[in-house]
$ cat upload15.txt   # compact mmCIF, C-alpha atoms
# COMPACT_ATOMS: atom_id res chain seq x y z
CA MET A 20 56.20 -17.92 51.11
CA THR A 21 59.67 -18.15 49.61
CA GLY A 22 60.89 -20.80 47.16
CA ILE A 23 59.07 -23.98 46.09
CA CYS A 24 56.27 -25.65 47.98
CA GLN A 25 54.61 -28.92 46.96
CA ALA A 26 51.57 -29.73 49.03
CA HIS A 27 49.96 -33.14 49.27
CA ALA A 28 46.95 -33.64 47.05
CA GLY A 29 43.87 -32.46 48.88
CA LYS A 30 45.83 -30.55 51.50
CA THR A 31 44.63 -27.02 52.12
CA ILE A 32 47.01 -24.28 51.02
CA SER A 33 47.70 -21.86 53.87
CA TYR A 34 49.60 -19.13 52.01
CA GLU A 35 47.94 -15.79 51.25
CA GLU A 36 50.69 -14.40 49.02
CA ILE A 37 53.59 -15.73 46.93
CA GLY A 38 56.35 -13.75 45.19
CA GLU A 39 57.81 -13.72 41.68
CA GLU A 40 60.38 -16.43 42.38
CA ASP A 41 57.94 -18.66 44.24
CA SER A 42 55.96 -21.63 42.99
CA LEU A 43 53.15 -23.56 44.59
CA SER A 44 52.11 -27.02 43.40
CA LYS A 45 49.18 -29.23 44.32
CA GLY A 46 46.81 -28.67 47.20
CA THR A 47 43.44 -27.00 47.67
CA LEU A 48 42.88 -23.24 47.81
CA ASP A 49 39.85 -22.14 49.85
CA HIS A 50 40.73 -18.49 50.55
CA PRO A 51 42.17 -15.47 48.66
CA LEU A 52 45.74 -15.90 47.40
CA THR A 53 47.70 -13.14 45.67
CA SER A 54 50.41 -14.51 43.40
CA LYS A 55 53.32 -13.11 41.43
CA GLY A 56 54.78 -16.57 40.93
CA LEU A 57 53.56 -19.95 39.63
CA VAL A 58 50.61 -21.96 40.92
CA ALA A 59 50.17 -25.46 39.47
CA ASN A 60 47.87 -28.46 39.77
CA THR A 61 45.49 -26.97 42.30
CA THR A 62 41.84 -27.27 43.24
CA ILE A 63 40.13 -23.97 43.99
CA THR A 64 37.02 -24.24 46.16
CA PRO A 65 33.98 -21.93 45.95
CA LYS A 66 35.66 -19.76 48.62
CA GLY A 67 39.01 -19.76 46.82
CA HIS A 68 40.30 -16.73 44.91
CA LEU A 69 43.57 -16.78 42.99
CA LYS A 70 44.74 -13.40 41.73
CA GLY A 71 47.83 -12.81 39.60
CA GLY A 72 50.84 -14.82 38.52
CA LYS A 73 51.00 -17.89 36.28
CA VAL A 74 48.78 -20.96 36.38
CA SER A 75 50.12 -24.31 35.17
CA GLY A 76 49.25 -27.99 35.12
CA TYR A 77 45.68 -29.10 35.77
CA THR A 78 43.44 -26.67 37.65
CA GLN A 79 39.92 -27.40 38.83
CA ASN A 80 38.32 -24.08 39.64
CA GLU A 81 35.08 -23.73 41.57
CA GLY A 82 35.97 -20.25 42.84
CA LEU A 83 37.54 -17.23 41.12
CA ILE A 84 40.74 -16.98 39.09
CA GLU A 85 41.65 -13.41 38.19
CA ASP A 86 44.40 -11.62 36.22
CA VAL A 87 46.56 -14.67 35.49
CA GLU A 88 48.70 -16.02 32.67
CA PHE A 89 47.70 -19.59 31.83
CA VAL A 90 50.69 -21.73 30.79
CA GLY A 91 49.36 -25.16 31.70
CA ILE A 92 47.27 -28.00 30.34
CA LEU A 93 43.75 -27.37 31.63
CA ILE A 94 41.60 -24.98 33.61
CA THR A 95 38.08 -26.28 34.07
CA GLY A 96 35.25 -24.67 35.98
CA LYS A 97 33.20 -27.85 36.37
CA ASN A 98 32.71 -29.49 39.73
CA GLU A 99 32.39 -33.23 40.32
CA ASP A 100 28.65 -33.07 39.57
CA GLY A 101 29.30 -31.54 36.15
CA GLU A 102 28.01 -28.10 37.18
CA ILE A 103 29.88 -25.04 35.94
CA LYS A 104 30.83 -23.12 39.07
CA GLY A 105 34.30 -21.68 38.41
CA THR A 106 34.73 -18.07 37.29
CA LEU A 107 37.49 -16.21 35.47
CA GLY A 108 37.86 -12.46 35.90
CA GLY A 109 40.05 -9.51 34.98
CA LYS A 110 42.55 -10.14 32.19
CA ILE A 111 43.34 -13.77 31.43
CA THR A 112 46.30 -14.32 29.09
CA LEU A 113 46.46 -17.71 27.39
CA ALA A 114 50.11 -18.62 26.81
CA SER A 115 50.26 -22.41 27.00
CA GLN A 116 52.94 -23.90 24.76
CA VAL A 117 51.56 -27.42 25.15
CA GLY A 118 48.12 -26.82 23.65
CA GLY A 119 46.41 -26.19 26.97
CA VAL A 120 42.73 -25.28 27.09
CA VAL A 121 40.42 -23.26 29.32
CA GLU A 122 36.94 -24.78 29.31
CA ASP A 123 33.59 -24.80 31.05
CA VAL A 124 33.91 -21.53 32.98
CA ARG A 125 31.90 -18.48 33.89
CA LEU A 126 33.29 -15.10 32.94
CA ALA A 127 32.95 -12.21 35.37
CA PRO A 128 31.77 -8.80 34.07
CA HIS A 129 34.28 -7.14 31.73
CA THR A 130 36.62 -10.15 31.70
CA GLU A 131 39.14 -10.11 28.85
CA ILE A 132 40.63 -13.36 27.58
CA VAL A 133 43.55 -12.79 25.22
CA GLY A 134 45.72 -15.32 23.43
CA SER A 135 49.46 -14.65 23.48
CA GLY A 136 50.16 -16.27 20.12
CA LYS A 137 53.26 -17.95 21.53
CA PRO A 138 54.46 -20.89 19.39
CA LYS A 139 53.66 -24.33 20.70
CA LEU A 140 56.21 -27.03 21.44
CA GLY A 141 56.83 -30.32 19.64
CA PHE A 142 54.21 -31.56 17.18
CA LEU A 143 52.05 -28.50 17.98
CA HIS A 144 54.68 -26.08 16.68
CA HIS A 145 52.51 -25.09 13.69
CA ILE A 146 49.69 -23.84 15.95
CA ASN A 147 49.74 -20.21 17.06
CA ARG A 148 46.30 -20.07 18.67
CA ASP A 149 45.32 -20.52 22.30
CA PHE A 150 42.30 -22.62 23.12
CA LEU A 151 38.93 -22.05 24.76
CA GLY A 152 36.22 -24.68 24.79
CA GLY A 153 33.20 -26.30 26.37
CA THR A 154 30.59 -23.98 27.86
CA LEU A 155 31.65 -20.36 28.32
CA ILE A 156 29.16 -18.13 30.14
CA GLY A 157 29.70 -14.38 30.27
CA SER A 158 27.76 -11.56 31.92
CA SER A 159 24.67 -10.42 30.01
CA GLU A 160 25.09 -6.79 31.13
CA LYS A 161 28.90 -6.55 30.92
CA PRO A 162 30.04 -9.22 28.46
CA ALA A 163 33.56 -10.63 28.35
CA ILE A 164 35.89 -9.95 25.41
CA LEU A 165 37.60 -12.82 23.59
CA ASP A 166 40.66 -11.92 21.51
CA ARG A 167 43.31 -13.93 19.61
CA VAL A 168 41.92 -17.29 20.72
CA HIS A 169 40.51 -20.41 19.06
CA ILE A 170 37.11 -21.65 20.20
CA ARG A 171 37.08 -25.42 19.99
CA ASP A 172 34.52 -27.63 18.24
CA LYS A 173 31.05 -28.01 19.76
CA SER A 174 31.54 -25.20 22.27
CA GLN A 175 28.60 -23.25 23.71
CA VAL A 176 29.47 -19.56 24.13
CA SER A 177 27.18 -16.90 25.60
CA ASN A 178 27.31 -13.21 26.57
CA VAL A 179 30.68 -12.34 25.05
CA ILE A 180 32.24 -10.04 22.45
CA ILE A 181 34.15 -11.80 19.68
CA GLN A 182 37.07 -9.81 18.29
CA GLU A 183 38.27 -9.95 14.67
CA ASN A 184 41.14 -12.39 15.16
CA VAL A 185 39.20 -15.13 16.96
CA THR A 186 38.98 -18.43 15.07
CA ILE A 187 36.08 -20.81 15.51
CA GLY A 188 35.77 -24.59 15.31
CA VAL A 189 32.82 -26.56 13.94
CA ASP A 190 29.38 -26.89 15.55
CA VAL A 191 29.90 -23.90 17.85
CA THR A 192 26.78 -22.17 19.19
CA PHE A 193 26.78 -18.50 20.21
CA THR A 194 24.06 -17.00 22.42
CA ASN A 195 23.66 -13.24 23.02
CA VAL A 196 26.95 -12.35 21.35
CA GLU A 197 28.43 -9.27 19.65
CA PHE A 198 30.69 -10.07 16.70
CA ARG A 199 33.37 -7.47 16.00
CA THR A 200 34.44 -9.49 12.98
CA GLN A 201 33.99 -8.93 9.27
CA VAL A 202 32.72 -12.46 8.57
CA VAL A 203 31.11 -15.19 10.68
CA ARG A 204 30.95 -18.66 9.11
CA LYS A 205 29.61 -22.10 9.94
CA VAL A 206 28.18 -21.46 13.40
CA THR A 207 24.79 -21.49 15.09
CA VAL A 208 23.51 -18.31 16.75
CA THR A 209 20.63 -17.67 19.10
CA GLY A 210 19.27 -14.87 21.27
CA GLN A 211 20.37 -11.29 20.68
CA ILE A 212 23.09 -11.26 18.04
CA SER A 213 24.83 -8.09 16.89
CA GLY A 214 27.54 -7.40 14.34
CA THR A 215 29.77 -4.38 13.79
CA ARG A 216 29.93 -1.67 11.13
CA PHE A 217 32.98 -1.73 8.84
CA GLN A 218 33.12 1.34 6.56
CA ASN A 219 30.10 0.82 4.28
CA THR A 220 29.03 -2.62 5.48
CA TYR A 221 28.43 -4.75 8.55
CA THR A 222 29.52 -8.16 9.81
CA ARG A 223 28.57 -10.74 7.14
CA LEU A 224 27.04 -14.11 8.02
CA GLU A 225 27.69 -17.15 5.81
CA ASN A 226 26.58 -20.76 6.36
CA VAL A 227 25.02 -19.73 9.66
CA THR A 228 21.94 -21.20 11.35
CA ILE A 229 19.82 -18.66 13.23
CA ARG A 230 17.73 -20.30 15.94
CA ALA A 231 14.05 -19.57 16.56
CA ASN A 232 13.05 -16.19 18.02
CA SER A 233 16.54 -14.70 17.76
CA GLN A 234 16.98 -10.94 17.31
CA MET A 235 19.58 -9.83 14.77
CA SER A 236 21.17 -6.40 14.27
CA ASN A 237 24.11 -4.86 12.40
CA VAL A 238 24.72 -7.86 10.13
CA VAL A 239 24.62 -8.69 6.43
CA ILE A 240 22.85 -11.94 5.60
CA GLY A 241 25.09 -13.74 3.13
CA LYS A 242 25.01 -17.13 1.45
CA GLN A 243 23.40 -20.24 2.93
CA VAL A 244 22.01 -18.65 6.08
CA LYS A 245 19.20 -20.74 7.58
CA PHE A 246 16.40 -19.14 9.59
CA GLU A 247 14.20 -20.87 12.12
CA GLU A 248 10.76 -19.54 13.03
CA GLY A 249 10.23 -16.16 14.66
CA VAL A 250 13.58 -14.52 13.86
CA THR A 251 13.45 -10.72 14.14
CA LEU A 252 15.68 -8.49 12.02
CA ASP A 253 16.52 -4.91 13.01
CA ASP A 254 16.38 -2.20 10.33
CA SER A 255 20.20 -2.31 10.26
CA VAL A 256 20.18 -5.87 8.84
CA THR A 257 20.73 -6.14 5.09
CA PHE A 258 20.85 -9.01 2.62
CA GLU A 259 23.74 -9.67 0.27
CA VAL A 260 21.28 -10.87 -2.40
CA HIS A 261 19.77 -7.36 -2.52
CA THR A 262 23.11 -5.58 -2.76
CA THR A 263 24.40 -7.91 -5.47
CA TYR A 264 21.21 -7.60 -7.53
CA MET A 265 21.28 -3.80 -7.38
CA GLU A 266 24.91 -3.72 -8.46
CA THR A 267 24.45 -6.11 -11.38
CA HIS A 268 21.23 -4.41 -12.56
CA ASN A 269 22.45 -0.81 -12.10
CA ILE A 270 19.72 0.08 -9.62
CA THR A 271 20.47 3.31 -7.79
CA VAL A 272 20.53 3.11 -4.00
CA LEU A 273 17.88 5.42 -2.49
CA PRO A 274 17.29 6.63 1.07
CA LYS A 275 16.20 3.83 3.38
CA LEU A 276 12.60 4.03 4.59
CA LYS A 277 12.44 2.61 8.11
CA GLY A 278 9.74 0.79 9.99
CA LEU A 279 8.77 -2.03 7.66
CA ALA A 280 5.47 -3.70 8.46
CA ALA A 281 3.42 -6.57 7.08
CA LEU A 282 -0.28 -7.43 7.41
CA ASP A 283 -1.90 -10.72 6.47
CA LYS A 284 -5.29 -10.82 4.75
CA GLN A 285 -7.03 -10.64 8.14
CA GLY A 286 -5.11 -7.46 8.96
CA LYS A 287 -2.92 -9.16 11.56
CA ARG A 288 0.69 -8.02 11.94
CA VAL A 289 3.29 -10.56 10.79
CA SER A 290 7.07 -10.35 10.52
CA THR A 291 8.80 -9.11 7.40
CA TRP A 292 12.39 -9.09 6.18
CA ALA A 293 11.67 -6.77 3.26
CA ARG A 294 13.39 -3.41 2.91
CA ILE A 295 12.05 -0.36 1.07
CA GLU A 296 13.95 2.66 -0.23
CA GLY A 297 12.56 5.81 -1.73
CA GLY A 298 13.00 9.49 -2.41
CA ALA A 299 12.09 12.48 -4.55
CA ARG A 300 14.01 15.14 -6.46
CA MET A 301 13.43 17.98 -8.94
CA GLY A 302 15.87 19.57 -11.38
CA THR A 303 19.66 19.23 -11.49
CA ASP A 304 22.50 20.74 -9.50
CA GLY A 305 24.84 21.40 -12.43
CA SER A 306 26.91 18.27 -11.89
CA GLY A 307 24.22 15.87 -12.98
CA LYS A 308 21.14 14.59 -11.26
CA LYS A 309 20.30 15.69 -7.76
CA ARG A 310 20.24 12.98 -5.16
CA SER A 311 16.83 11.82 -4.09
CA SER A 312 15.67 12.79 -0.62
CA LYS A 313 12.95 11.19 1.46
CA LYS A 314 11.98 14.68 2.69
CA LEU A 315 11.79 17.41 0.07
CA THR A 316 10.47 21.00 0.09
CA LEU A 317 9.98 22.72 -3.28
CA LYS A 318 7.97 25.39 -5.04
CA ARG A 319 5.10 24.40 -7.27
CA ASN A 320 6.20 24.45 -10.89
CA GLN A 321 3.85 23.26 -13.60
CA HIS A 322 6.69 23.04 -16.10
CA LYS A 323 9.22 21.03 -14.07
CA ASN A 324 9.02 17.32 -13.39
CA VAL A 325 9.14 15.92 -9.89
CA ASP A 326 10.84 12.52 -9.90
CA ILE A 327 9.60 10.15 -7.19
CA HIS A 328 11.25 6.74 -7.17
CA GLY A 329 11.30 3.70 -4.92
CA ASN A 330 13.06 0.36 -4.56
CA VAL A 331 11.38 -2.69 -3.08
CA LEU A 332 13.98 -5.02 -1.58
CA THR A 333 11.89 -8.16 -1.50
CA ASP A 334 11.61 -10.30 1.62
CA VAL A 335 13.86 -13.23 0.67
CA ARG A 336 11.00 -15.62 1.49
CA HIS A 337 8.92 -13.92 -1.23
CA ILE A 338 11.44 -13.84 -4.10
CA GLY A 339 9.90 -15.48 -7.17
CA LYS A 340 6.31 -15.11 -5.96
CA ARG A 341 3.56 -13.31 -7.88
CA ALA A 342 2.76 -9.90 -6.40
CA ASP A 343 1.32 -6.43 -6.99
CA ILE A 344 3.33 -3.28 -6.32
CA LEU A 345 1.19 -0.77 -4.40
CA VAL A 346 1.53 3.03 -4.23
CA VAL A 347 -0.63 5.23 -1.99
CA ALA A 348 -0.36 9.01 -1.64
CA ALA A 349 -1.86 11.28 1.02
CA HIS A 350 -2.38 14.97 0.15
CA THR A 351 -3.10 17.56 2.83
CA ALA A 352 -4.07 20.91 1.30
CA PRO A 353 -3.16 24.17 3.08
CA GLY A 354 -5.62 24.75 5.93
CA ALA A 355 -7.00 21.21 5.80
CA THR A 356 -7.13 19.19 9.02
CA SER A 357 -6.93 15.76 7.42
CA PRO A 358 -5.49 14.34 4.19
CA ASN A 359 -7.17 12.91 1.14
CA PHE A 360 -5.84 9.49 0.13
CA TYR A 361 -5.17 8.33 -3.40
CA MET A 362 -3.88 5.13 -4.97
CA LEU A 363 -1.94 5.03 -8.21
CA ASP A 364 -3.20 2.63 -10.87
CA LYS A 365 -1.12 1.05 -13.63
CA PRO A 366 -1.23 4.12 -15.91
CA GLY A 367 -0.03 6.15 -12.90
CA THR A 368 -3.33 7.96 -12.41
CA PRO A 369 -4.21 8.97 -8.83
CA LYS A 370 -7.61 7.53 -7.86
CA PRO A 371 -9.42 8.22 -4.57
CA TRP A 372 -8.88 5.49 -1.97
CA ASP A 373 -11.39 4.70 0.77
CA GLY A 374 -8.78 3.26 3.13
CA ALA A 375 -9.84 -0.37 2.73
CA LEU A 376 -6.90 -2.67 2.00
CA SER A 377 -9.13 -4.86 -0.16
CA SER A 378 -9.84 -1.96 -2.54
CA LEU A 379 -6.20 -1.14 -3.34
CA VAL A 380 -5.48 -1.36 -7.06
CA PRO A 381 -2.03 -2.43 -8.32
CA PHE A 382 0.46 0.10 -9.62
CA GLN A 383 2.43 -2.78 -11.15
CA SER A 384 1.79 -6.51 -11.36
CA ARG A 385 4.73 -8.89 -11.20
CA THR A 386 4.55 -12.53 -12.18
CA ALA A 387 7.65 -13.21 -10.09
CA LEU A 388 9.21 -10.81 -7.59
CA ALA A 389 12.87 -10.12 -8.28
CA PRO A 390 15.23 -9.64 -5.32
CA VAL A 391 14.88 -5.89 -5.91
CA VAL A 392 12.10 -4.13 -7.82
CA SER A 393 12.86 -0.62 -9.06
CA VAL A 394 9.62 1.42 -8.97
CA PRO A 395 9.42 4.72 -10.93
CA ILE A 396 6.42 6.22 -9.11
CA TRP A 397 6.10 9.70 -10.66
CA ASN A 398 8.07 11.79 -13.14
CA LYS A 399 5.97 14.78 -14.16
CA PRO A 400 4.94 18.13 -12.66
CA LEU A 401 3.06 18.25 -9.36
CA ASP A 402 0.78 21.24 -9.85
CA ILE A 403 -0.52 21.33 -6.27
CA VAL A 404 0.43 22.88 -2.94
CA GLY A 405 0.42 21.34 0.52
CA GLU A 406 1.85 18.19 2.06
CA VAL A 407 2.22 14.94 0.11
CA GLN A 408 3.18 11.61 1.65
CA VAL A 409 3.93 8.62 -0.58
CA TYR A 410 3.63 5.03 0.68
CA LEU A 411 5.20 2.10 -1.18
CA GLY A 412 4.72 -1.63 -0.71
CA TYR A 413 3.65 -4.90 -2.29
CA ARG A 414 0.84 -7.46 -1.98
CA LEU A 415 1.22 -11.20 -2.44
CA ASN A 416 -1.48 -13.38 -3.99
CA ASP A 417 -2.42 -14.69 -0.52
CA GLY A 418 -3.33 -11.14 0.53
CA LEU A 419 -0.24 -10.37 2.64
CA ILE A 420 0.75 -6.71 2.31
CA VAL A 421 4.26 -5.40 3.03
CA TYR A 422 4.84 -1.66 3.33
CA SER A 423 7.05 0.99 4.88
CA GLN A 424 5.67 3.02 7.76
CA GLU A 425 8.17 5.77 6.99
CA VAL A 426 7.13 7.61 3.84
CA ILE A 427 8.48 9.89 1.13
CA GLU A 428 7.45 13.39 2.23
CA LEU A 429 7.04 16.41 -0.04
CA THR A 430 6.09 19.95 0.90
CA LEU A 431 4.94 22.05 -2.07
CA THR A 432 4.63 25.83 -1.73
CA GLU A 433 3.55 28.66 -4.03
$ encode --input "upload15.txt" --output "structure tokens"
Amino acid sequence: MTGICQAHAGKTISYEEIGEEDSLSKGTLDHPLTSKGLVANTTITPKGHLKGGKVSGYTQNEGLIEDVEFVGILITGKNEDGEIKGTLGGKITLASQVGGVVEDVRLAPHTEIVGSGKPKLGFLHHINRDFLGGTLIGSSEKPAILDRVHIRDKSQVSNVIIQENVTIGVDVTFTNVEFRTQVVRKVTVTGQISGTRFQNTYTRLENVTIRANSQMSNVVIGKQVKFEEGVTLDDSVTFEVHTTYMETHNITVLPKLKGLAALDKQGKRVSTWARIEGGARMGTDGSGKKRSSKKLTLKRNQHKNVDIHGNVLTDVRHIGKRADILVVAAHTAPGATSPNFYMLDKPGTPKPWDGALSSLVPFQSRTALAPVVSVPIWNKPLDIVGEVQVYLGYRLNDGLIVYSQEVIELTLTE
């Protein structure tokens, strides 16, 4: 094709290729068309495939649009029955200067949608964002990337990666999404949700609703986050309330003990959002105190104190509740095939433990759990040899016990 062609509405487009100076307006595309020019006001059937060039006007897409620059008013992937059939693929650049929007589309694997940031015309001149909206459905295995765009109010977005400079309207729901942003505010999330690490922190959530049975990772839970039932938090998830409390109360950060678990009074596993830290150290390194380590090998010394310390970062659902802090130690002597278990009472005396949860005595009793409880477990010589494992946790009045499956490990030699 050469020049300008305006088809009648509903007429099938016959061209298979148009050049840079060419434009094609109106008509129906039901086969592959490679474009370097402008295609406007078209209907793309399930067999249609538009690749390249610019897209303008109103486009109803039930096929595939790939590697285009959108400069028009609307691309929609809905058919007449309201089903989302149209797909975008490759790199889609949004460059409409009239506030155009791409909505209700599927996104092929590895699709990238990027806003151009071009200024808008007329009364929209103050807007420098390009718009996505409606229902956007990416690939679960190879999610699309959204960059420099604005997601409109009440949109439903799934299986995508959200870059830092994406802005979000109100009442937007994200499903199975990775946020590469420092903060996410005022949205609803569901499914598998992941944030991104930024230096010493992760993506922070504020004023976010987390739907039932979602799985969260690599995020910081900030202010006014609402949880529905059955939400699972990966070990990478932290709570701002814990960090703030430790900073304001000068509580030293200790090595993280992974694998938190909780048992109800019947011994049944239940979910927990608690975090536990702990470590041990002995002596100084000349520049002050040695850092605590969760695995430590040292020689027995009856004159030198071993400092074992833990921090209980309380499950936010348990803050303010009455609880006992529990400490259990397992000692395996050289040549022994199994350990002996001990529990520490309030004076810090090791007492034999028979393994029954009901017989555990408290190391500390708290009338109201603070966001973080600093627990000085031991600070005196350990005049023994062998392997020592220290468990730390807490027990609520209703019998629920929270503990770390990873322990503080000490190896003491002659």
$ closest_residue --input "upload15.txt" --among "A:Thr95, A:Ser135, A:Asn60, A:Thr106" --to "Gly82 (chain A)" --atoms "only C-alpha atoms"
A:Thr106
$ residues_around --input "upload15.txt" --residues "region 28-43 of chain A" --least-positions-apart "2" --cutoff "12 Å" --atoms "only C-alpha atoms" --output "PyMOL selection string"
chain A and resi 20-26+45-64+67-76+79
$ residues_around --input "upload15.txt" --residues "region 404-412 of chain A" --least-positions-apart "6" --cutoff "8 Å" --atoms "all atoms listed in the file" --output "count of residues only"
28
$ closest_residue --input "upload15.txt" --among "A:Gly367, A:Pro358, A:Gly136, A:Gly297" --to "Asn330 (chain A)" --atoms "only C-alpha atoms"
A:Gly297
$ closest_residue --input "upload15.txt" --among "A:Asp172, A:Asp326, A:Glu99, A:Asp190" --to "Met301 (chain A)" --atoms "all atoms listed in the file"
A:Asp326
$ axis_aligned_box --input "upload15.txt" --around "region 330-348 of chain A" --padding-each-side "6 Å" --output "JSON"
{"center_x": 6.7, "center_y": -3.3, "center_z": -3.1, "size_x": 26.6, "size_y": 36.6, "size_z": 21.5}
$ atom_distance --input "upload15.txt" --atom1 "CA of Glu197 (chain A)" --atom2 "CA of Glu131 (chain A)"
14.1 Å
$ residues_around --input "upload15.txt" --residues "region 230-237 of chain A" --least-positions-apart "6" --cutoff "12 Å" --atoms "only C-alpha atoms" --output "NGL selection string"
:A and (192-201 or 206-217 or 219-224 or 244-258 or 290 or 292)
$ residues_around --input "upload15.txt" --residues "Glu85 (chain A)" --least-positions-apart "2" --cutoff "7 Å" --atoms "only C-alpha atoms" --output "ChimeraX atom specification"
/A:69-71,83,87,107-111
$ residues_around --input "upload15.txt" --residues "Gln243 (chain A)" --least-positions-apart "5" --cutoff "8 Å" --atoms "only C-alpha atoms" --output "number ranges by chain"
A: 225-227
$ closest_residue --input "upload15.txt" --among "A:His129, A:Lys104, A:Lys275, A:Arg300" --to "His328 (chain A)" --atoms "all atoms listed in the file"
A:Arg300
$ atom_distance --input "upload15.txt" --atom1 "CA of Val394 (chain A)" --atom2 "CA of Ser377 (chain A)"
21.6 Å
$ atom_distance --input "upload15.txt" --atom1 "CA of Thr386 (chain A)" --atom2 "CA of Gly298 (chain A)"
25.5 Å
$ residues_near_point --input "upload15.txt" --point "(45.3, -20.4, 22.1)" --cutoff "10 Å" --atoms "all atoms listed in the file" --output "JSON, numbers by chain"
{"A": [112, 113, 114, 115, 116, 117, 118, 119, 120, 121, 133, 134, 135, 136, 137, 138, 139, 146, 147, 148, 149, 150, 151, 166, 167, 168, 169, 170, 171, 185, 186]}
$ closest_residue --input "upload15.txt" --among "A:Asn98, A:Pro274, A:Val90, A:Gln321" --to "Pro65 (chain A)" --atoms "all atoms listed in the file"
A:Asn98
$ closest_residue --input "upload15.txt" --among "A:Gly241, A:Arg341, A:Ile403, A:Gly418" --to "Leu379 (chain A)" --atoms "all atoms listed in the file"
A:Gly418
$ build_atoms --input "upload15.txt" --residues "region 187-200 of chain A" --atoms "N, CA and C atoms" --output "PDB file, in the frame of the given file"
ATOM      1  N   ILE A 187      37.203 -20.048  14.963  1.00  0.00           N
ATOM      2  CA  ILE A 187      36.080 -20.810  15.510  1.00  0.00           C
ATOM      3  C   ILE A 187      36.063 -22.202  14.911  1.00  0.00           C
ATOM      4  N   GLY A 188      35.894 -23.213  15.764  1.00  0.00           N
ATOM      5  CA  GLY A 188      35.770 -24.590  15.310  1.00  0.00           C
ATOM      6  C   GLY A 188      34.395 -24.878  14.735  1.00  0.00           C
ATOM      7  N   VAL A 189      34.098 -26.167  14.535  1.00  0.00           N
ATOM      8  CA  VAL A 189      32.820 -26.560  13.940  1.00  0.00           C
ATOM      9  C   VAL A 189      31.784 -26.796  15.035  1.00  0.00           C
ATOM     10  N   ASP A 190      30.521 -26.635  14.647  1.00  0.00           N
ATOM     11  CA  ASP A 190      29.380 -26.890  15.550  1.00  0.00           C
ATOM     12  C   ASP A 190      29.445 -26.049  16.823  1.00  0.00           C
ATOM     13  N   VAL A 191      29.880 -24.810  16.697  1.00  0.00           N
ATOM     14  CA  VAL A 191      29.900 -23.900  17.850  1.00  0.00           C
ATOM     15  C   VAL A 191      28.595 -23.100  17.858  1.00  0.00           C
ATOM     16  N   THR A 192      28.013 -22.940  19.040  1.00  0.00           N
ATOM     17  CA  THR A 192      26.780 -22.170  19.190  1.00  0.00           C
ATOM     18  C   THR A 192      27.057 -20.923  20.030  1.00  0.00           C
ATOM     19  N   PHE A 193      26.613 -19.774  19.518  1.00  0.00           N
ATOM     20  CA  PHE A 193      26.780 -18.500  20.210  1.00  0.00           C
ATOM     21  C   PHE A 193      25.405 -17.976  20.633  1.00  0.00           C
ATOM     22  N   THR A 194      25.306 -17.556  21.886  1.00  0.00           N
ATOM     23  CA  THR A 194      24.060 -17.000  22.420  1.00  0.00           C
ATOM     24  C   THR A 194      24.327 -15.603  22.973  1.00  0.00           C
ATOM     25  N   ASN A 195      23.537 -14.627  22.526  1.00  0.00           N
ATOM     26  CA  ASN A 195      23.660 -13.240  23.020  1.00  0.00           C
ATOM     27  C   ASN A 195      25.104 -12.749  22.874  1.00  0.00           C
ATOM     28  N   VAL A 196      25.550 -12.655  21.640  1.00  0.00           N
ATOM     29  CA  VAL A 196      26.950 -12.350  21.350  1.00  0.00           C
ATOM     30  C   VAL A 196      27.045 -11.161  20.402  1.00  0.00           C
ATOM     31  N   GLU A 197      28.084 -10.336  20.599  1.00  0.00           N
ATOM     32  CA  GLU A 197      28.430  -9.270  19.650  1.00  0.00           C
ATOM     33  C   GLU A 197      29.669  -9.699  18.884  1.00  0.00           C
ATOM     34  N   PHE A 198      29.560  -9.728  17.556  1.00  0.00           N
ATOM     35  CA  PHE A 198      30.690 -10.070  16.700  1.00  0.00           C
ATOM     36  C   PHE A 198      31.346  -8.791  16.191  1.00  0.00           C
ATOM     37  N   ARG A 199      32.608  -8.587  16.551  1.00  0.00           N
ATOM     38  CA  ARG A 199      33.370  -7.470  16.000  1.00  0.00           C
ATOM     39  C   ARG A 199      34.292  -8.006  14.907  1.00  0.00           C
ATOM     40  N   THR A 200      33.712  -8.813  14.047  1.00  0.00           N
ATOM     41  CA  THR A 200      34.440  -9.490  12.980  1.00  0.00           C
ATOM     42  C   THR A 200      33.784  -9.168  11.653  1.00  0.00           C
TER      43      THR A 200
END
